[in-house]
Structure formats: structure tokens, C-alpha cells
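Source file: start_18.pdb. Holds: PDB, C-alpha atoms.
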```pdb
ATOM      1  CA  MET I   1      88.154  12.197  53.357  1.00  0.00           C
ATOM      2  CA  THR I   2      85.220  10.477  51.664  1.00  0.00           C
ATOM      3  CA  LEU I   3      85.237   7.290  49.618  1.00  0.00           C
ATOM      4  CA  LEU I   4      84.950   9.356  46.434  1.00  0.00           C
ATOM      5  CA  ASP I   5      88.007  11.362  47.491  1.00  0.00           C
ATOM      6  CA  LEU I   6      89.949   8.123  48.019  1.00  0.00           C
ATOM      7  CA  LEU I   7      88.898   6.769  44.639  1.00  0.00           C
ATOM      8  CA  ASP I   8      89.923  10.032  42.971  1.00  0.00           C
ATOM      9  CA  LEU I   9      93.261   9.912  44.780  1.00  0.00           C
ATOM     10  CA  ALA I  10      93.811   6.311  43.648  1.00  0.00           C
ATOM     11  CA  ARG I  11      92.969   7.317  40.060  1.00  0.00           C
ATOM     12  CA  ARG I  12      95.398  10.219  40.017  1.00  0.00           C
ATOM     13  CA  ARG I  13      98.214   8.479  41.923  1.00  0.00           C
ATOM     14  CA  TRP I  14      97.648   4.946  40.643  1.00  0.00           C
ATOM     15  CA  TYR I  15     101.368   4.318  40.261  1.00  0.00           C
ATOM     16  CA  VAL I  16     101.898   4.733  44.019  1.00  0.00           C
ATOM     17  CA  TYR I  17      99.315   2.039  44.694  1.00  0.00           C
ATOM     18  CA  ALA I  18     100.729  -0.190  41.949  1.00  0.00           C
ATOM     19  CA  VAL I  19     104.247  -0.138  43.400  1.00  0.00           C
ATOM     20  CA  THR I  20     103.008  -0.715  46.966  1.00  0.00           C
ATOM     21  CA  ILE I  21     100.742  -3.607  45.969  1.00  0.00           C
ATOM     22  CA  ALA I  22     103.564  -5.205  43.952  1.00  0.00           C
ATOM     23  CA  LEU I  23     105.842  -5.070  47.003  1.00  0.00           C
ATOM     24  CA  ALA I  24     103.096  -6.573  49.201  1.00  0.00           C
ATOM     25  CA  VAL I  25     102.490  -9.417  46.736  1.00  0.00           C
ATOM     26  CA  THR I  26     106.229 -10.125  46.560  1.00  0.00           C
ATOM     27  CA  ALA I  27     106.488 -10.240  50.355  1.00  0.00           C
ATOM     28  CA  THR I  28     103.488 -12.596  50.535  1.00  0.00           C
ATOM     29  CA  LEU I  29     105.035 -14.953  47.970  1.00  0.00           C
ATOM     30  CA  VAL I  30     108.310 -15.000  49.899  1.00  0.00           C
ATOM     31  CA  LEU I  31     106.488 -15.910  53.108  1.00  0.00           C
ATOM     32  CA  GLN I  32     104.527 -18.671  51.380  1.00  0.00           C
ATOM     33  CA  SER I  33     107.688 -20.149  49.849  1.00  0.00           C
ATOM     34  CA  THR I  34     109.220 -20.775  53.286  1.00  0.00           C
ATOM     35  CA  PRO I  35     108.615 -24.472  54.098  1.00  0.00           C
ATOM     36  CA  ARG I  36     107.628 -25.728  57.534  1.00  0.00           C
ATOM     37  CA  VAL I  37     110.198 -27.480  59.674  1.00  0.00           C
ATOM     38  CA  TYR I  38     109.212 -30.653  61.527  1.00  0.00           C
ATOM     39  CA  SER I  39     110.986 -31.466  64.762  1.00  0.00           C
ATOM     40  CA  ALA I  40     110.980 -34.832  66.553  1.00  0.00           C
ATOM     41  CA  LYS I  41     112.357 -35.546  70.008  1.00  0.00           C
ATOM     42  CA  ALA I  42     112.732 -38.648  72.165  1.00  0.00           C
ATOM     43  CA  GLU I  43     114.696 -39.836  75.167  1.00  0.00           C
ATOM     44  CA  ILE I  44     116.456 -43.156  75.535  1.00  0.00           C
ATOM     45  CA  SER I  45     117.057 -44.284  79.117  1.00  0.00           C
ATOM     46  CA  PHE I  46     119.755 -46.544  80.524  1.00  0.00           C
ATOM     47  CA  THR I  47     118.909 -48.834  83.435  1.00  0.00           C
ATOM     48  CA  PRO I  48     121.107 -51.349  85.263  1.00  0.00           C
ATOM     49  CA  PRO I  49     120.226 -55.055  85.589  1.00  0.00           C
ATOM     50  CA  ASP I  50     117.057 -55.911  87.493  1.00  0.00           C
ATOM     51  CA  ASP I  51     118.887 -57.265  90.544  1.00  0.00           C
ATOM     52  CA  VAL I  52     120.817 -54.014  90.895  1.00  0.00           C
ATOM     53  CA  VAL I  53     117.606 -51.991  90.731  1.00  0.00           C
ATOM     54  CA  ALA I  54     115.950 -54.304  93.275  1.00  0.00           C
ATOM     55  CA  ASN I  55     118.799 -54.409  95.807  1.00  0.00           C
ATOM     56  CA  THR I  56     120.738 -51.157  95.424  1.00  0.00           C
ATOM     57  CA  PRO I  57     119.629 -47.610  96.271  1.00  0.00           C
ATOM     58  CA  TRP I  58     119.335 -45.307  93.274  1.00  0.00           C
ATOM     59  CA  SER I  59     121.908 -42.908  94.679  1.00  0.00           C
ATOM     60  CA  SER I  60     124.521 -45.673  94.715  1.00  0.00           C
ATOM     61  CA  TYR I  61     124.568 -46.286  90.989  1.00  0.00           C
ATOM     62  CA  VAL I  62     123.121 -43.164  89.374  1.00  0.00           C
ATOM     63  CA  GLU I  63     126.536 -41.551  88.816  1.00  0.00           C
ATOM     64  CA  THR I  64     127.858 -44.722  87.200  1.00  0.00           C
ATOM     65  CA  MET I  65     124.839 -44.876  84.899  1.00  0.00           C
ATOM     66  CA  ILE I  66     125.225 -41.220  83.947  1.00  0.00           C
ATOM     67  CA  ASN I  67     128.866 -41.853  83.067  1.00  0.00           C
ATOM     68  CA  TYR I  68     127.807 -44.807  80.934  1.00  0.00           C
ATOM     69  CA  ALA I  69     125.201 -42.715  79.127  1.00  0.00           C
ATOM     70  CA  GLY I  70     127.894 -40.103  78.515  1.00  0.00           C
ATOM     71  CA  ALA I  71     130.197 -42.742  77.013  1.00  0.00           C
ATOM     72  CA  VAL I  72     127.445 -43.905  74.641  1.00  0.00           C
ATOM     73  CA  ASP I  73     126.759 -40.279  73.727  1.00  0.00           C
ATOM     74  CA  ASN I  74     130.437 -39.654  72.935  1.00  0.00           C
ATOM     75  CA  ILE I  75     130.712 -42.750  70.761  1.00  0.00           C
ATOM     76  CA  PHE I  76     127.565 -41.826  68.852  1.00  0.00           C
ATOM     77  CA  ASN I  77     128.802 -38.309  68.104  1.00  0.00           C
ATOM     78  CA  ASP I  78     132.197 -39.651  67.029  1.00  0.00           C
ATOM     79  CA  THR I  79     130.561 -42.226  64.752  1.00  0.00           C
ATOM     80  CA  TYR I  80     127.655 -40.151  63.446  1.00  0.00           C
ATOM     81  CA  PRO I  81     128.675 -36.483  63.633  1.00  0.00           C
ATOM     82  CA  ALA I  82     125.676 -34.463  64.798  1.00  0.00           C
ATOM     83  CA  GLU I  83     124.934 -30.775  65.137  1.00  0.00           C
ATOM     84  CA  THR I  84     126.261 -28.930  68.185  1.00  0.00           C
ATOM     85  CA  LEU I  85     123.805 -26.766  70.088  1.00  0.00           C
ATOM     86  CA  SER I  86     124.587 -23.634  72.065  1.00  0.00           C
ATOM     87  CA  GLY I  87     123.235 -24.862  75.410  1.00  0.00           C
ATOM     88  CA  PRO I  88     121.146 -27.467  77.279  1.00  0.00           C
ATOM     89  CA  ARG I  89     117.870 -25.769  76.420  1.00  0.00           C
ATOM     90  CA  ALA I  90     118.784 -24.868  72.849  1.00  0.00           C
ATOM     91  CA  THR I  91     117.004 -26.414  69.863  1.00  0.00           C
ATOM     92  CA  LEU I  92     118.036 -27.197  66.313  1.00  0.00           C
ATOM     93  CA  PHE I  93     115.519 -24.684  64.962  1.00  0.00           C
ATOM     94  CA  GLY I  94     116.738 -22.038  67.394  1.00  0.00           C
ATOM     95  CA  ASN I  95     120.276 -22.575  66.139  1.00  0.00           C
ATOM     96  CA  GLY I  96     119.212 -22.175  62.524  1.00  0.00           C
ATOM     97  CA  PHE I  97     119.145 -25.840  61.501  1.00  0.00           C
ATOM     98  CA  ARG I  98     116.166 -26.663  59.280  1.00  0.00           C
ATOM     99  CA  GLU I  99     117.450 -30.225  58.902  1.00  0.00           C
ATOM    100  CA  GLY I 100     119.784 -32.096  61.192  1.00  0.00           C
ATOM    101  CA  VAL I 101     120.273 -34.396  64.170  1.00  0.00           C
ATOM    102  CA  THR I 102     121.555 -33.696  67.628  1.00  0.00           C
ATOM    103  CA  VAL I 103     122.231 -36.260  70.352  1.00  0.00           C
ATOM    104  CA  GLY I 104     123.334 -35.421  73.868  1.00  0.00           C
ATOM    105  CA  ILE I 105     123.152 -36.678  77.418  1.00  0.00           C
ATOM    106  CA  SER I 106     120.388 -35.050  79.444  1.00  0.00           C
ATOM    107  CA  LYS I 107     121.697 -32.065  81.352  1.00  0.00           C
ATOM    108  CA  THR I 108     120.579 -28.954  83.155  1.00  0.00           C
ATOM    109  CA  GLY I 109     122.140 -25.556  83.730  1.00  0.00           C
ATOM    110  CA  SER I 110     123.855 -23.348  81.192  1.00  0.00           C
ATOM    111  CA  GLN I 111     126.400 -24.024  78.484  1.00  0.00           C
ATOM    112  CA  TRP I 112     129.095 -22.877  80.927  1.00  0.00           C
ATOM    113  CA  MET I 113     127.858 -24.750  84.008  1.00  0.00           C
ATOM    114  CA  PRO I 114     126.089 -27.937  82.875  1.00  0.00           C
ATOM    115  CA  GLY I 115     124.733 -30.479  85.328  1.00  0.00           C
ATOM    116  CA  TYR I 116     123.971 -34.123  84.550  1.00  0.00           C
ATOM    117  CA  ASP I 117     120.928 -35.318  86.428  1.00  0.00           C
ATOM    118  CA  ARG I 118     119.939 -38.683  84.965  1.00  0.00           C
ATOM    119  CA  PRO I 119     121.214 -41.486  82.680  1.00  0.00           C
ATOM    120  CA  VAL I 120     119.264 -40.390  79.628  1.00  0.00           C
ATOM    121  CA  VAL I 121     120.362 -39.489  76.112  1.00  0.00           C
ATOM    122  CA  VAL I 122     118.129 -37.016  74.296  1.00  0.00           C
ATOM    123  CA  ALA I 123     117.807 -37.216  70.511  1.00  0.00           C
ATOM    124  CA  ARG I 124     116.341 -34.419  68.398  1.00  0.00           C
ATOM    125  CA  VAL I 125     115.749 -34.346  64.668  1.00  0.00           C
ATOM    126  CA  ASN I 126     114.667 -31.622  62.248  1.00  0.00           C
ATOM    127  CA  ALA I 127     113.388 -32.505  58.780  1.00  0.00           C
ATOM    128  CA  SER I 128     111.228 -31.148  55.980  1.00  0.00           C
ATOM    129  CA  THR I 129     108.352 -33.591  56.594  1.00  0.00           C
ATOM    130  CA  GLU I 130     106.796 -35.183  59.657  1.00  0.00           C
ATOM    131  CA  ALA I 131     107.449 -38.684  58.318  1.00  0.00           C
ATOM    132  CA  ALA I 132     111.112 -37.925  57.622  1.00  0.00           C
ATOM    133  CA  ALA I 133     111.607 -36.476  61.111  1.00  0.00           C
ATOM    134  CA  TYR I 134     110.043 -39.516  62.776  1.00  0.00           C
ATOM    135  CA  ALA I 135     111.992 -41.996  60.613  1.00  0.00           C
ATOM    136  CA  GLU I 136     115.312 -40.266  61.271  1.00  0.00           C
ATOM    137  CA  LEU I 137     114.594 -40.159  64.990  1.00  0.00           C
ATOM    138  CA  VAL I 138     113.852 -43.893  65.106  1.00  0.00           C
ATOM    139  CA  THR I 139     117.066 -44.584  63.186  1.00  0.00           C
ATOM    140  CA  THR I 140     118.991 -42.440  65.670  1.00  0.00           C
ATOM    141  CA  LEU I 141     117.526 -44.282  68.671  1.00  0.00           C
ATOM    142  CA  GLN I 142     118.337 -47.634  67.076  1.00  0.00           C
ATOM    143  CA  ARG I 143     121.936 -46.525  66.559  1.00  0.00           C
ATOM    144  CA  ILE I 144     122.214 -45.493  70.205  1.00  0.00           C
ATOM    145  CA  ASP I 145     120.838 -48.871  71.273  1.00  0.00           C
ATOM    146  CA  ALA I 146     123.296 -50.654  68.963  1.00  0.00           C
ATOM    147  CA  ILE I 147     126.243 -48.705  70.398  1.00  0.00           C
ATOM    148  CA  SER I 148     125.242 -49.688  73.936  1.00  0.00           C
ATOM    149  CA  ALA I 149     124.957 -53.331  72.907  1.00  0.00           C
ATOM    150  CA  ARG I 150     128.346 -53.226  71.148  1.00  0.00           C
ATOM    151  CA  ILE I 151     130.087 -51.752  74.204  1.00  0.00           C
ATOM    152  CA  GLN I 152     128.818 -54.592  76.354  1.00  0.00           C
ATOM    153  CA  ASP I 153     129.523 -57.217  73.698  1.00  0.00           C
ATOM    154  CA  GLU I 154     133.135 -56.086  73.517  1.00  0.00           C
ATOM    155  CA  ALA I 155     133.358 -56.159  77.304  1.00  0.00           C
ATOM    156  CA  GLY I 156     131.946 -59.690  77.407  1.00  0.00           C
ATOM    157  CA  THR I 157     129.135 -58.669  79.757  1.00  0.00           C
ATOM    158  CA  PRO I 158     126.769 -61.591  80.550  1.00  0.00           C
ATOM    159  CA  ALA I 159     123.147 -61.128  79.521  1.00  0.00           C
ATOM    160  CA  SER I 160     121.982 -61.065  83.147  1.00  0.00           C
ATOM    161  CA  LEU I 161     124.307 -58.151  83.970  1.00  0.00           C
ATOM    162  CA  ARG I 162     123.670 -55.985  80.955  1.00  0.00           C
ATOM    163  CA  ILE I 163     122.572 -52.369  81.069  1.00  0.00           C
ATOM    164  CA  GLN I 164     119.265 -51.974  79.280  1.00  0.00           C
ATOM    165  CA  THR I 165     118.176 -49.210  76.913  1.00  0.00           C
ATOM    166  CA  THR I 166     114.513 -48.236  76.793  1.00  0.00           C
ATOM    167  CA  TRP I 167     112.462 -45.759  74.804  1.00  0.00           C
ATOM    168  CA  ASP I 168     108.752 -45.539  74.190  1.00  0.00           C
ATOM    169  CA  ALA I 169     107.557 -44.922  70.633  1.00  0.00           C
ATOM    170  CA  ASP I 170     104.323 -43.506  72.046  1.00  0.00           C
ATOM    171  CA  GLN I 171     106.293 -40.811  73.841  1.00  0.00           C
ATOM    172  CA  VAL I 172     107.975 -39.532  70.698  1.00  0.00           C
ATOM    173  CA  SER I 173     106.875 -35.938  70.173  1.00  0.00           C
ATOM    174  CA  VAL I 174     106.769 -34.398  66.707  1.00  0.00           C
ATOM    175  CA  GLY I 175     106.134 -30.688  66.343  1.00  0.00           C
ATOM    176  CA  SER I 176     106.532 -28.145  63.592  1.00  0.00           C
ATOM    177  CA  PHE I 177     107.670 -24.591  63.055  1.00  0.00           C
ATOM    178  CA  GLY I 178     106.582 -22.183  60.366  1.00  0.00           C
ATOM    179  CA  SER I 179     103.443 -20.729  58.865  1.00  0.00           C
ATOM    180  CA  THR I 180     100.202 -22.603  58.314  1.00  0.00           C
ATOM    181  CA  ARG I 181      97.790 -21.912  55.454  1.00  0.00           C
ATOM    182  CA  SER I 182      95.434 -20.020  57.724  1.00  0.00           C
ATOM    183  CA  SER I 183      98.210 -17.927  59.238  1.00  0.00           C
ATOM    184  CA  LEU I 184      99.581 -17.182  55.767  1.00  0.00           C
ATOM    185  CA  ALA I 185      96.137 -16.078  54.603  1.00  0.00           C
ATOM    186  CA  LYS I 186      95.711 -13.844  57.664  1.00  0.00           C
ATOM    187  CA  GLY I 187      99.212 -12.473  57.228  1.00  0.00           C
ATOM    188  CA  ALA I 188      98.579 -11.729  53.552  1.00  0.00           C
ATOM    189  CA  ALA I 189      95.350  -9.916  54.411  1.00  0.00           C
ATOM    190  CA  VAL I 190      97.030  -7.843  57.113  1.00  0.00           C
ATOM    191  CA  LEU I 191      99.980  -7.093  54.848  1.00  0.00           C
ATOM    192  CA  MET I 192      97.723  -6.019  52.015  1.00  0.00           C
ATOM    193  CA  GLY I 193      95.645  -3.809  54.318  1.00  0.00           C
ATOM    194  CA  ALA I 194      98.745  -2.172  55.753  1.00  0.00           C
ATOM    195  CA  SER I 195     100.095  -1.694  52.225  1.00  0.00           C
ATOM    196  CA  MET I 196      96.917   0.103  51.132  1.00  0.00           C
ATOM    197  CA  VAL I 197      97.151   2.424  54.137  1.00  0.00           C
ATOM    198  CA  LEU I 198     100.804   3.169  53.384  1.00  0.00           C
ATOM    199  CA  ALA I 199      99.984   3.685  49.704  1.00  0.00           C
ATOM    200  CA  THR I 200      97.250   6.166  50.626  1.00  0.00           C
ATOM    201  CA  LEU I 201      99.608   8.083  52.910  1.00  0.00           C
ATOM    202  CA  ALA I 202     102.258   8.119  50.200  1.00  0.00           C
ATOM    203  CA  ALA I 203      99.738   9.297  47.595  1.00  0.00           C
ATOM    204  CA  LEU I 204      98.592  12.089  49.925  1.00  0.00           C
ATOM    205  CA  ALA I 205     102.215  13.108  50.410  1.00  0.00           C
ATOM    206  CA  VAL I 206     102.733  13.191  46.628  1.00  0.00           C
ATOM    207  CA  ASP I 207      99.588  15.281  46.246  1.00  0.00           C
ATOM    208  CA  ALA I 208     100.725  17.716  48.937  1.00  0.00           C
ATOM    209  CA  SER I 209     104.137  18.031  47.311  1.00  0.00           C
ATOM    210  CA  ALA I 210     102.532  18.694  43.928  1.00  0.00           C
ATOM    211  CA  ARG I 211     100.309  21.400  45.425  1.00  0.00           C
ATOM    212  CA  ARG I 212     103.308  23.105  47.038  1.00  0.00           C
ATOM    213  CA  ARG I 213     105.131  23.126  43.711  1.00  0.00           C
ATOM    214  CA  ARG I 214     102.106  24.605  41.949  1.00  0.00           C
ATOM    215  CA  ARG I 215     101.796  27.360  44.577  1.00  0.00           C
ATOM    216  CA  ALA I 216     105.481  28.114  44.286  1.00  0.00           C
ATOM    217  CA  VAL I 217     105.230  28.392  40.506  1.00  0.00           C
ATOM    218  CA  ALA I 218     102.076  30.536  40.768  1.00  0.00           C
ATOM    219  CA  SER I 219     103.805  32.938  43.134  1.00  0.00           C
ATOM    220  CA  VAL I 220     106.770  33.340  40.788  1.00  0.00           C
ATOM    221  CA  ILE I 221     104.822  33.934  37.538  1.00  0.00           C
ATOM    222  CA  PRO I 222     103.151  37.289  38.546  1.00  0.00           C
ATOM    223  CA  GLN I 223     106.521  38.645  39.682  1.00  0.00           C
ATOM    224  CA  ALA I 224     108.036  37.650  36.336  1.00  0.00           C
ATOM    225  CA  THR I 225     105.155  39.375  34.473  1.00  0.00           C
ATOM    226  CA  VAL I 226     105.605  42.646  36.411  1.00  0.00           C
ATOM    227  CA  SER I 227     109.319  42.656  35.678  1.00  0.00           C
TER     228      SER I 227
END
```
How does this structure look as C-alpha cells?
Amino acid sequence: MTLLDLLDLARRRWYVYAVTIALAVTATLVLQSTPRVYSAKAEISFTPPDDVVANTPWSSYVETMINYAGAVDNIFNDTYPAETLSGPRATLFGNGFREGVTVGISKTGSQWMPGYDRPVVVARVNASTEAAAYAELVTTLQRIDAISARIQDEAGTPASLRIQTTWDADQVSVGSFGSTRSSLAKGAAVLMGASMVLATLAALAVDASARRRRRAVASVIPQATVS
């Protein structure tokens, strides 16, 4: 089929192309209207007093520290209800949350057989902007730190024996999910190209159907004339 044949086909079956292009434009607009999701993650660690770290093997206090981290985690989730994920490796975005906060003690394994390997609480935040995700994450970490301080205040723990919370702002990772402008442009181009191919195939099918009807009518008319 030559270019002139294609142009003639488009002229005769313009409505097929019009409908297909309208659907492609609608799909492109829907894709462009989907906002990006920004995700921030950080870990807050719990460490015992310096003299414990200096004089006691890690294996002797790690379980106690993990239990403490779990207690802080439980209090946070009771005080500031967060989203529940399906497993240790699950994410907010993977669970369908475009906005939300999840806080949980670091663990390995599956949702049925979790294992707790270190005294660390992991905080994750999803938001509509990078700034909002970072701000909410910092607020979450500050709340975790405040809960740890309150537990020890209520227990009357001396300053020299307090468990410390640490997190590094430089280690906060912020990522995003969704389409970029360049990917949207490429997707629109691919979608439009595929739509034109489909429109051409549909127009050819309409043409073929019209020819079959004409042949059927032409074969009936001479018989009717003879009768």
C-alpha cells in the first residue's frame, strides 16, 4: 500500500481515524493527570549508654535493645495511627497508599515468619511533593525520639544511663513514583503511533466489509432481473 493509498483510505474512512485519535488523546490526558508520588525513608537507631557499649559484648544486649525499639514502635502506632503494610519488604506505594506514614521496627523474613535483627525503627512517608514527604518524615522521627525520651523520663532513668536515639538527616532518601514529562511525551508518541496503526487496520477492515457487501448485492441483482 502506497502513501497515496493510505491518504485515500483516511479520506474515505475519516471517522475511524477520528474516533481512534479521540480515544488516544483521552488516554494521554488521563496519564498526564496522574500526579507523582514522593516517598521518603529513614531509620532511627537505639543505642545503650556509652559504658555499656564499651564494656559489654553486642550479643549481650542486642535482644534487650530490640525489645525496647519494639516498645517505642508500639507506642508510636498507638499514639499516631499509621498505615499497615503487608510484609517486611512492602512499601506504601506498593500497598496503594499515595499519601501516608508507616513506622515499624526493622525486620526480615515474611509477614508470617518475621525476624528482628537490630534495634532500629524504620519510618516511611508518601506525599504529593518532595518537600511534604521530607517534612512529614522529620516530624515522624522527632515523635519517635520524643516517645523514647518520655519512656525514660517516666522511668526516672539518669542521664548517664539513657538509651540514645540517632538518625542522620544526610541519610534520608527521597524517591518518587510516576511518570516524568519526558516519559509522558514518549508514551503519548507511542500511543498515538499505535492508534494510527490500529485505525488503519480498522479502516481496511471496514473497506473489506463494504466490498463484500457490494459483491453480494451485485450477485443478487442479475438473478432478480432474470426472474
Using all atoms listed in the file, which residues sit within 12 Å of segment 69-77 of chain I once same-chain residues fewer than 3 positions away are excluded, as JSON, numbers by chain? {"I": [43, 44, 45, 46, 47, 48, 62, 63, 64, 65, 66, 80, 81, 82, 83, 84, 101, 102, 103, 104, 105, 106, 107, 116, 117, 118, 119, 120, 121, 122, 123, 140, 141, 142, 143, 144, 145, 146, 147, 148, 149, 150, 151, 152, 163, 164, 165]}
Record the distance separating atom CA of Gly175 of chain I and atom CA of Ser39 of chain I, expressed in Å with one decimal. 5.2 Å
To box segment 21-27 of chain I, take all atoms listed in the file, fit an axis-aligned box, add 6 Å on each side, and give centre and edge lengths in Å to one decimal, as JSON.
```
{"center_x": 103.6, "center_y": -6.9, "center_z": 47.2, "size_x": 17.7, "size_y": 18.6, "size_z": 18.4}
```
Please identify all polymer residues within 10 Å of Arg13 of chain I, counting only C-alpha atoms, omitting same-chain residues fewer than 5 positions from it, and present them as a PyMOL selection string. chain I and resi 7-8+18+199-200+202-204+206-207
Please measure the separation of atom CA of Asn55 of chain I and atom CA of Tyr68 of chain I, giving the value in Å to one decimal. 19.9 Å
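As for atom CA of Ala133 of chain I and atom CA of Thr166 of chain I, they are spaced 19.8 Å apart.
Of the listed residues (I:Thr108, I:Thr79, I:Ser160, I:Thr20), I:Thr20 comes nearest to Gly193 of chain I; the distances count all atoms listed in the file.
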Nearest to Ala27 of chain I, restricted to all atoms listed in the file and choosing among I:Leu191, I:Val53, I:Leu201, I:Met196, comes out as I:Leu191
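Selection check: the PyMOL selection byres ((chain I and resi 24) around 10) on the shown file gives Ala18, Val19, Thr20, Ile21, Ala22, Leu23, Val25, Thr26, Ala27, Thr28, Leu29, Val30, Ala188, Ala189, Leu191, Met192, Gly193, Ala194, Ser195 and Met196 of chain I.
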On this file, the PyMOL selection byres ((chain I and resi 125) around 10) gives some set of residues; write that set as a PyMOL selection string. chain I and resi 38-42+82-83+91-93+97-103+123-124+126-127+132-138+140+174
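Among I:Ser209, I:Gln171, I:Thr56, I:Ser176, the residue with the shortest atom-to-atom distance to Ser128 of chain I, counting all atoms listed in the file, is I:Ser176.
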